Every structure is written in C-alpha cells, then in structure tokens.
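What follows is my_file-v3.tsv (TSV, C-alpha atoms).
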chain	number	residue	atom	x	y	z
A	1	MET	CA	57.58	37.83	24.56
A	2	LYS	CA	60.86	38.42	26.41
A	3	ILE	CA	60.78	37.51	30.10
A	4	ILE	CA	63.13	37.95	33.07
A	5	ILE	CA	62.76	35.86	36.24
A	6	ALA	CA	63.85	37.38	39.57
A	7	ASP	CA	63.95	34.97	42.51
A	8	ASP	CA	66.60	34.31	45.15
A	9	HIS	CA	66.26	30.51	44.85
A	10	ALA	CA	68.15	28.98	41.92
A	11	VAL	CA	65.88	25.93	41.81
A	12	VAL	CA	62.81	28.17	41.50
A	13	ARG	CA	64.38	30.19	38.70
A	14	SER	CA	65.29	26.97	36.89
A	15	GLY	CA	61.79	25.54	37.27
A	16	PHE	CA	60.05	28.65	35.96
A	17	MET	CA	62.54	28.95	33.11
A	18	HIS	CA	61.79	25.39	32.00
A	19	ILE	CA	58.03	26.05	32.03
A	20	LEU	CA	58.23	29.35	30.16
A	21	ASN	CA	60.80	28.37	27.54
A	22	TYR	CA	58.61	25.41	26.65
A	23	GLN	CA	55.93	27.86	25.44
A	24	ASP	CA	55.99	28.91	21.79
A	25	ASP	CA	55.34	32.57	22.62
A	26	MET	CA	57.74	33.00	25.56
A	27	GLU	CA	61.50	33.28	25.99
A	28	VAL	CA	63.42	33.78	29.25
A	29	VAL	CA	66.23	36.18	28.34
A	30	ALA	CA	67.78	36.51	31.82
A	31	THR	CA	67.39	35.71	35.51
A	32	ALA	CA	68.22	37.60	38.69
A	33	ALA	CA	68.78	36.62	42.32
A	34	ASP	CA	67.77	39.91	43.97
A	35	GLY	CA	66.16	43.26	43.29
A	36	LEU	CA	69.36	45.06	42.34
A	37	GLU	CA	70.26	42.40	39.79
A	38	ALA	CA	66.69	42.45	38.49
A	39	TYR	CA	67.00	46.19	37.85
A	40	ASP	CA	70.29	45.72	36.00
A	41	GLN	CA	68.92	42.91	33.85
A	42	VAL	CA	65.82	44.90	32.96
A	43	ALA	CA	68.05	47.84	31.98
A	44	LYS	CA	70.10	45.52	29.78
A	45	HIS	CA	67.38	43.44	28.10
A	46	ARG	CA	64.26	45.66	28.30
A	47	PRO	CA	61.94	42.63	28.66
A	48	ASP	CA	58.21	42.62	28.09
A	49	ILE	CA	57.58	40.86	31.40
A	50	LEU	CA	59.45	40.67	34.70
A	51	LEU	CA	58.48	37.88	37.10
A	52	MET	CA	59.43	39.34	40.48
A	53	ASP	CA	59.65	37.39	43.73
A	54	LEU	CA	58.32	39.53	46.56
A	55	SER	CA	60.60	37.99	49.22
A	56	MET	CA	64.25	38.55	48.38
A	57	PRO	CA	67.49	39.21	50.29
A	58	PRO	CA	67.97	42.32	52.46
A	59	GLY	CA	68.88	45.51	50.69
A	60	GLU	CA	66.42	45.41	47.80
A	61	SER	CA	63.06	43.77	48.32
A	62	GLY	CA	60.82	42.85	45.42
A	63	LEU	CA	58.46	45.64	46.39
A	64	ILE	CA	61.12	48.36	46.36
A	65	ALA	CA	62.67	47.02	43.15
A	66	THR	CA	59.28	46.96	41.43
A	67	GLY	CA	58.74	50.65	42.16
A	68	LYS	CA	62.17	51.59	40.80
A	69	ILE	CA	61.83	49.45	37.68
A	70	LYS	CA	58.36	50.75	36.84
A	71	GLU	CA	59.57	54.31	37.29
A	72	ASP	CA	62.59	53.90	35.00
A	73	PHE	CA	61.29	51.24	32.58
A	74	PRO	CA	57.51	51.71	32.38
A	75	ASP	CA	57.16	49.44	29.33
A	76	THR	CA	58.27	46.39	31.32
A	77	LYS	CA	55.26	44.83	33.02
A	78	VAL	CA	55.78	43.22	36.42
A	79	VAL	CA	54.09	40.05	37.63
A	80	ILE	CA	54.67	39.44	41.35
A	81	LEU	CA	55.38	35.90	42.55
A	82	THR	CA	54.75	35.29	46.24
A	83	MET	CA	53.77	32.75	48.87
A	84	TYR	CA	51.63	35.34	50.68
A	85	ASP	CA	47.91	35.63	49.93
A	86	ASP	CA	47.79	38.80	51.99
A	87	GLU	CA	45.74	41.84	51.02
A	88	GLU	CA	48.36	44.32	52.30
A	89	TYR	CA	50.98	42.83	50.00
A	90	LEU	CA	48.53	42.88	47.10
A	91	PHE	CA	47.49	46.47	47.68
A	92	HIS	CA	51.04	47.82	47.89
A	93	VAL	CA	52.53	45.90	44.95
A	94	LEU	CA	49.74	47.18	42.73
A	95	LYS	CA	50.37	50.72	43.99
A	96	ASN	CA	54.04	50.25	43.11
A	97	GLY	CA	53.15	49.45	39.51
A	98	ALA	CA	52.84	45.66	39.33
A	99	SER	CA	50.28	44.30	36.85
A	100	GLY	CA	49.97	40.77	38.18
A	101	TYR	CA	49.93	38.90	41.49
A	102	VAL	CA	50.39	35.13	41.40
A	103	LEU	CA	50.87	32.69	44.28
A	104	LYS	CA	53.87	30.40	43.89
A	105	ASN	CA	51.81	27.32	44.65
A	106	SER	CA	49.42	28.07	41.77
A	107	PRO	CA	49.18	25.62	38.84
A	108	ASP	CA	51.51	26.25	35.89
A	109	GLU	CA	48.54	27.19	33.71
A	110	GLU	CA	47.61	30.04	36.04
A	111	LEU	CA	51.12	31.51	35.79
A	112	LEU	CA	50.98	31.29	31.99
A	113	THR	CA	47.54	32.88	31.96
A	114	ALA	CA	48.76	35.70	34.19
A	115	ILE	CA	51.75	36.41	31.94
A	116	ARG	CA	49.66	36.47	28.78
A	117	THR	CA	46.96	38.61	30.40
A	118	VAL	CA	49.50	41.19	31.58
A	119	TYR	CA	51.33	41.13	28.23
A	120	ASP	CA	48.05	41.93	26.48
A	121	GLY	CA	47.57	44.98	28.69
A	122	GLY	CA	45.40	43.50	31.43
A	123	THR	CA	45.86	42.98	35.16
A	124	TYR	CA	45.91	39.51	36.69
A	125	ILE	CA	45.12	38.88	40.35
A	126	HIS	CA	44.96	35.46	41.95
A	127	PRO	CA	41.21	34.66	42.18
A	128	SER	CA	41.25	34.24	45.96
A	129	MET	CA	42.59	37.78	46.32
A	130	ALA	CA	40.01	39.63	44.21
A	131	THR	CA	37.61	40.16	47.13
A	132	SER	CA	40.49	41.35	49.33
A	133	LEU	CA	41.47	43.93	46.75
A	134	VAL	CA	37.96	45.36	46.57
A	135	ARG	CA	37.75	45.45	50.37
A	136	GLN	CA	41.11	47.22	50.64
A	137	PHE	CA	40.17	49.94	48.16
A	138	VAL	CA	36.72	50.50	49.64
A	139	LYS	CA	38.00	50.66	53.22
A	140	LYS	CA	38.18	54.20	54.57
A	141	ASP	CA	40.37	54.21	57.65
A	142	ALA	CA	41.77	57.69	58.30
A	143	ASP	CA	44.16	56.52	61.00
A	144	GLU	CA	45.66	53.89	58.74
A	145	VAL	CA	46.14	56.42	55.95
A	146	GLU	CA	47.98	58.73	58.30
A	147	THR	CA	50.35	55.98	59.51
A	148	ASP	CA	50.80	54.15	56.22
A	149	PRO	CA	54.62	53.98	55.78
A	150	TYR	CA	54.27	53.84	52.00
A	151	LYS	CA	52.66	57.27	52.09
A	152	ILE	CA	54.91	59.07	54.57
A	153	LEU	CA	58.37	57.51	54.11
A	154	SER	CA	60.71	58.18	51.21
A	155	ARG	CA	61.87	55.33	48.98
A	156	ARG	CA	65.28	55.22	50.68
A	157	GLU	CA	63.65	55.24	54.13
A	158	LEU	CA	61.55	52.26	53.04
A	159	GLU	CA	64.80	50.46	52.24
A	160	VAL	CA	66.46	51.36	55.54
A	161	LEU	CA	63.50	50.49	57.79
A	162	PRO	CA	63.49	46.68	57.36
A	163	LEU	CA	67.29	46.50	57.60
A	164	VAL	CA	67.28	48.35	60.92
A	165	ALA	CA	64.45	46.12	62.16
A	166	LYS	CA	66.41	43.00	61.20
A	167	GLY	CA	69.31	44.11	63.40
A	168	TYR	CA	71.84	45.28	60.83
A	169	GLY	CA	74.29	47.93	62.05
A	170	ASN	CA	74.76	51.34	60.45
A	171	LYS	CA	77.96	50.26	58.68
A	172	GLU	CA	76.34	47.10	57.28
A	173	ILE	CA	73.33	49.05	56.01
A	174	ALA	CA	75.60	51.67	54.48
A	175	GLU	CA	77.51	48.97	52.59
A	176	MET	CA	74.30	47.27	51.40
A	177	LEU	CA	72.77	50.49	50.08
A	178	TYR	CA	76.01	52.16	48.92
A	179	ILE	CA	75.52	55.21	51.13
A	180	SER	CA	77.49	56.71	54.01
A	181	VAL	CA	77.05	55.78	57.68
A	182	LYS	CA	75.99	59.36	58.41
A	183	THR	CA	73.28	59.10	55.76
A	184	VAL	CA	72.02	55.87	57.35
A	185	GLU	CA	71.86	57.58	60.75
A	186	ALA	CA	69.95	60.50	59.24
A	187	HIS	CA	67.43	58.15	57.59
A	188	LYS	CA	66.95	56.26	60.87
A	189	SER	CA	66.22	59.49	62.73
A	190	LYS	CA	63.74	60.59	60.07
A	191	ILE	CA	62.00	57.20	60.15
A	192	MET	CA	61.61	57.32	63.93
A	193	GLU	CA	60.33	60.89	63.75
A	194	LYS	CA	57.85	60.30	60.93
A	195	LEU	CA	56.45	57.11	62.49
A	196	ASN	CA	56.45	58.58	66.01
A	197	LEU	CA	58.62	55.74	67.35
A	198	LYS	CA	60.81	56.17	70.42
A	199	SER	CA	63.06	53.10	70.42
A	200	ARG	CA	64.40	50.29	68.25
A	201	PRO	CA	62.06	47.69	69.88
A	202	GLU	CA	59.12	49.88	68.85
A	203	LEU	CA	60.53	50.02	65.32
A	204	VAL	CA	60.87	46.21	65.22
A	205	GLU	CA	57.30	45.80	66.46
A	206	TYR	CA	56.11	48.26	63.82
A	207	ALA	CA	58.03	46.44	61.07
A	208	LEU	CA	56.51	43.12	62.14
A	209	ARG	CA	53.01	44.57	62.21
A	210	LYS	CA	53.43	46.09	58.76
A	211	LYS	CA	55.07	42.85	57.49
A	212	PHE	CA	58.32	44.54	56.45
A	213	LEU	CA	60.27	41.62	57.90
A	214	HIS	CA	58.71	39.21	55.39
A	215	PHE	CA	60.15	41.06	52.39
Kindly present the structure from the file in structure tokens form.
Amino acid sequence: MKIIIADDHAVVRSGFMHILNYQDDMEVVATAADGLEAYDQVAKHRPDILLMDLSMPPGESGLIATGKIKEDFPDTKVVILTMYDDEEYLFHVLKNGASGYVLKNSPDEELLTAIRTVYDGGTYIHPSMATSLVRQFVKKDADEVETDPYKILSRRELEVLPLVAKGYGNKEIAEMLYISVKTVEAHKSKIMEKLNLKSRPELVEYALRKKFLHF
C-alpha cells in the first residue's frame, strides 16, 4: 500500500518512515510538513493511506486539510496521528472523513494495525477513545449543536478563526491563506456575527474553549 506521512517534525516523519518501509506490504511514497503540502502530495501520488498529524503550523491544520483531501480525493484514507486523547478531536476528525485515530505514544504495532484495518475498509480508533466516541454520539445537547463552529462556520471561516485568535494581523492571515485583506476582514466579521462574539478577547476565549489553538 502507498502511504504519505504528514507531520511538521522531521524526526517524527523519519521515524514513521523507517517503521513503515520495513513492512513488506507498505511503502512511504512521500512526506509533508503541513496541511497544504499534504494536499499537494496526495494530489500527486494518490496514496492509499495518509497519516495526518492533527497539530500542524498555522494556516492549514490537520483537521481542515483532512476535510479538503477527503472531499477531493475520497479514495485516500486518512489516519489521524495526535497526542490528544480528547473526544472533541475524535468526533470532529471522524466527521471530516478520517478513518483512523491513533495516539502518537502508541506502540508501533498499534499504528501498523490501524493502517491495515483502514486499508481493508475498516475504522480504527484508539481503544481508550471508544467509550468517548459512543458518549459523544449519544449525547443530545441542543445548545452545543447550535453553537458548534463546525456546523455554523464555513470552511474558510474555520481557517481564519484560529489565526485571528493566535494574534495574526489581517495582512499576515491574507498572505497565509492567499486571499485579500478585505476578504479576511469580511470573514472575521462573519465569524463574530455567527458566534455572537463582541470582541477579540471573547474570540480568543472561545477558540481556547473549543481547542482551536491546539491545532
């Protein structure tokens, strides 16, 4: 199976590549350091599996990139790599099309099992997270549904929100996302309106509560 590894740490990419290339049924065909590069490499190589780090540099988080890649290249299956055993992360990466969720501190054998399970058409979730997933799906919280940013913000607004919260200026965000400053300002206004926020401190607090600043 052809595999691409997306992680912003070179030593992590190298370690995973060594493990996977040692397997008879796996070949790492490319690596990427951020979500944008991951998209480009998937477009070029059309891999069977993409190992996607959830926490990557500003501008294209693993979550956003996963959604774009699954939309444009549905045959590539995504296995998320993360340090966070958090049910919100799990719930949203699965909603964005990921087929696997593996903690970075898991044994090598678990990563290999996850890749093979996903390749064969299954879904792999770290065992400790299975109960959390069930709880998240069963939970019926109307208020949370109404304020869930993944339901009410556009994809571009989901990209702009964490950058604003991290303190980047309009010009910096425009350069990162390849859009105009006026477009950034329009997205910011829409975000504040949709989330009923009145000031940047409120936006930062919201981003922290929703864990956008960990991406």
Spatial neighbours of A:Phe73, 9 Å, all atoms listed in the file, chain gap at least 5 places, as a list in words
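Counting all atoms listed in the file, the residues come to Val42, Ala43, Arg46 and Lys68 of chain A.
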With C-alpha atoms retained, write the just-selected residues as a short mmCIF file (atom, residue, chain, number, x, y, z; two decimals), in the frame of the given file.
data_model
loop_
_atom_site.label_atom_id
_atom_site.label_comp_id
_atom_site.auth_asym_id
_atom_site.auth_seq_id
_atom_site.Cartn_x
_atom_site.Cartn_y
_atom_site.Cartn_z
CA VAL A 42 65.82 44.90 32.96
CA ALA A 43 68.05 47.84 31.98
CA ARG A 46 64.26 45.66 28.30
CA LYS A 68 62.17 51.59 40.80
#
Across A:Ile64, A:Leu20, A:Val118, A:Leu203, the smallest distance to A:Arg156, with all atoms listed in the file counted, is shown by A:Ile64
May I have the centre and edge lengths, in Å to one decimal, of an axis-aligned box around the listed atoms of stretch 38-42 of chain A with 5 Å added to every side, as lines of an AutoDock Vina configuration file?
center_x = 68.1
center_y = 44.3
center_z = 35.7
size_x = 14.5
size_y = 13.7
size_z = 15.5
Who sits within 7 Å of A:Gly97, only C-alpha atoms, same chain under 4 positions skipped, as a VMD selection string
chain A and resid 66 to 67 70 93
Sphere at (68.2, 36.1, 31.4), radius 10 Å, counting only C-alpha atoms: residues as an MDAnalysis selection string:
chainID A and resid 2:6 17 27:32 38 41:42 44:45 47
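Across the model, the gap from atom CA of A:Leu81 to atom CA of A:Ala165 is 23.9 Å.
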Could you jot down the atom CA of A:Leu177 to atom CA of A:Arg13 separation for me, Å, one decimal place?
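Interatomic distance, atom CA of A:Leu177 to atom CA of A:Arg13: 24.7 Å.
With atom CA of A:Lys198 on one side and atom CA of A:Ser180 on the other, the separation reads 23.4 Å.
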Can you pull out the residues contacting A:Ile49? Cut-off 6 Å, using all atoms listed in the file, and skip same-chain residues under 4 positions away; I want them as number ranges by chain.
A: 3, 76-78
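Of the residues under consideration (A:Asp8, A:Glu71, A:Glu37, A:Asp148), A:Asp148 shows the shortest atom-to-atom contact distance to A:Tyr206 when counting all atoms listed in the file.
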With 9 Å as the threshold, what does the neighbourhood of (55.7, 58.9, 62.3) contain in terms of residues, counting all atoms listed in the file? Coordinates are those of the file; answer as a PDB file with C-alpha atoms, in the coordinates of the input.
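Saved file selection19.pdb follows:
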ATOM      1  CA  GLU A 146      47.980  58.730  58.300  1.00  0.00           C
ATOM      2  CA  THR A 147      50.350  55.980  59.510  1.00  0.00           C
ATOM      3  CA  PRO A 149      54.620  53.980  55.780  1.00  0.00           C
ATOM      4  CA  ILE A 152      54.910  59.070  54.570  1.00  0.00           C
ATOM      5  CA  LEU A 153      58.370  57.510  54.110  1.00  0.00           C
ATOM      6  CA  LYS A 190      63.740  60.590  60.070  1.00  0.00           C
ATOM      7  CA  ILE A 191      62.000  57.200  60.150  1.00  0.00           C
ATOM      8  CA  MET A 192      61.610  57.320  63.930  1.00  0.00           C
ATOM      9  CA  GLU A 193      60.330  60.890  63.750  1.00  0.00           C
ATOM     10  CA  LYS A 194      57.850  60.300  60.930  1.00  0.00           C
ATOM     11  CA  LEU A 195      56.450  57.110  62.490  1.00  0.00           C
ATOM     12  CA  ASN A 196      56.450  58.580  66.010  1.00  0.00           C
ATOM     13  CA  LEU A 197      58.620  55.740  67.350  1.00  0.00           C
TER      14      LEU A 197
END
Please provide as a ChimeraX atom specification all residues within 12 Å of A:Glu159, with the sequence filter that same-chain residues fewer than 6 positions apart are discarded (counting only C-alpha atoms).
/A:35,57-65,67-68,149-150,153,165-166,173-174,176-179,184,187-188,191,207,212-213,215
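Closest approach to A:Ile19 among A:Met129, A:Leu111, A:Val164, A:Leu50 is made by A:Leu111 (distances from all atoms listed in the file).
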So that I can check the surroundings of stretch 119-122 of chain A, please list as a compact mmCIF listing (two decimals) with C-alpha atoms, keeping the file's coordinate frame every protein, DNA and RNA residue that reaches within 9 Å of it, counting only C-alpha atoms and ignoring chain neighbours fewer than 3 positions away.
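As a result, selection18.txt now contains:
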# COMPACT_ATOMS: atom_id res chain seq x y z
CA MET A 1 57.58 37.83 24.56
CA ASP A 48 58.21 42.62 28.09
CA ILE A 49 57.58 40.86 31.40
CA LYS A 77 55.26 44.83 33.02
CA SER A 99 50.28 44.30 36.85
CA GLY A 100 49.97 40.77 38.18
CA ALA A 114 48.76 35.70 34.19
CA ILE A 115 51.75 36.41 31.94
CA ARG A 116 49.66 36.47 28.78
Which of these, A:Pro201, A:Ile69, A:Tyr101, A:Phe91, has the shortest distance to A:Asp53 once you count all atoms listed in the file?
A:Tyr101
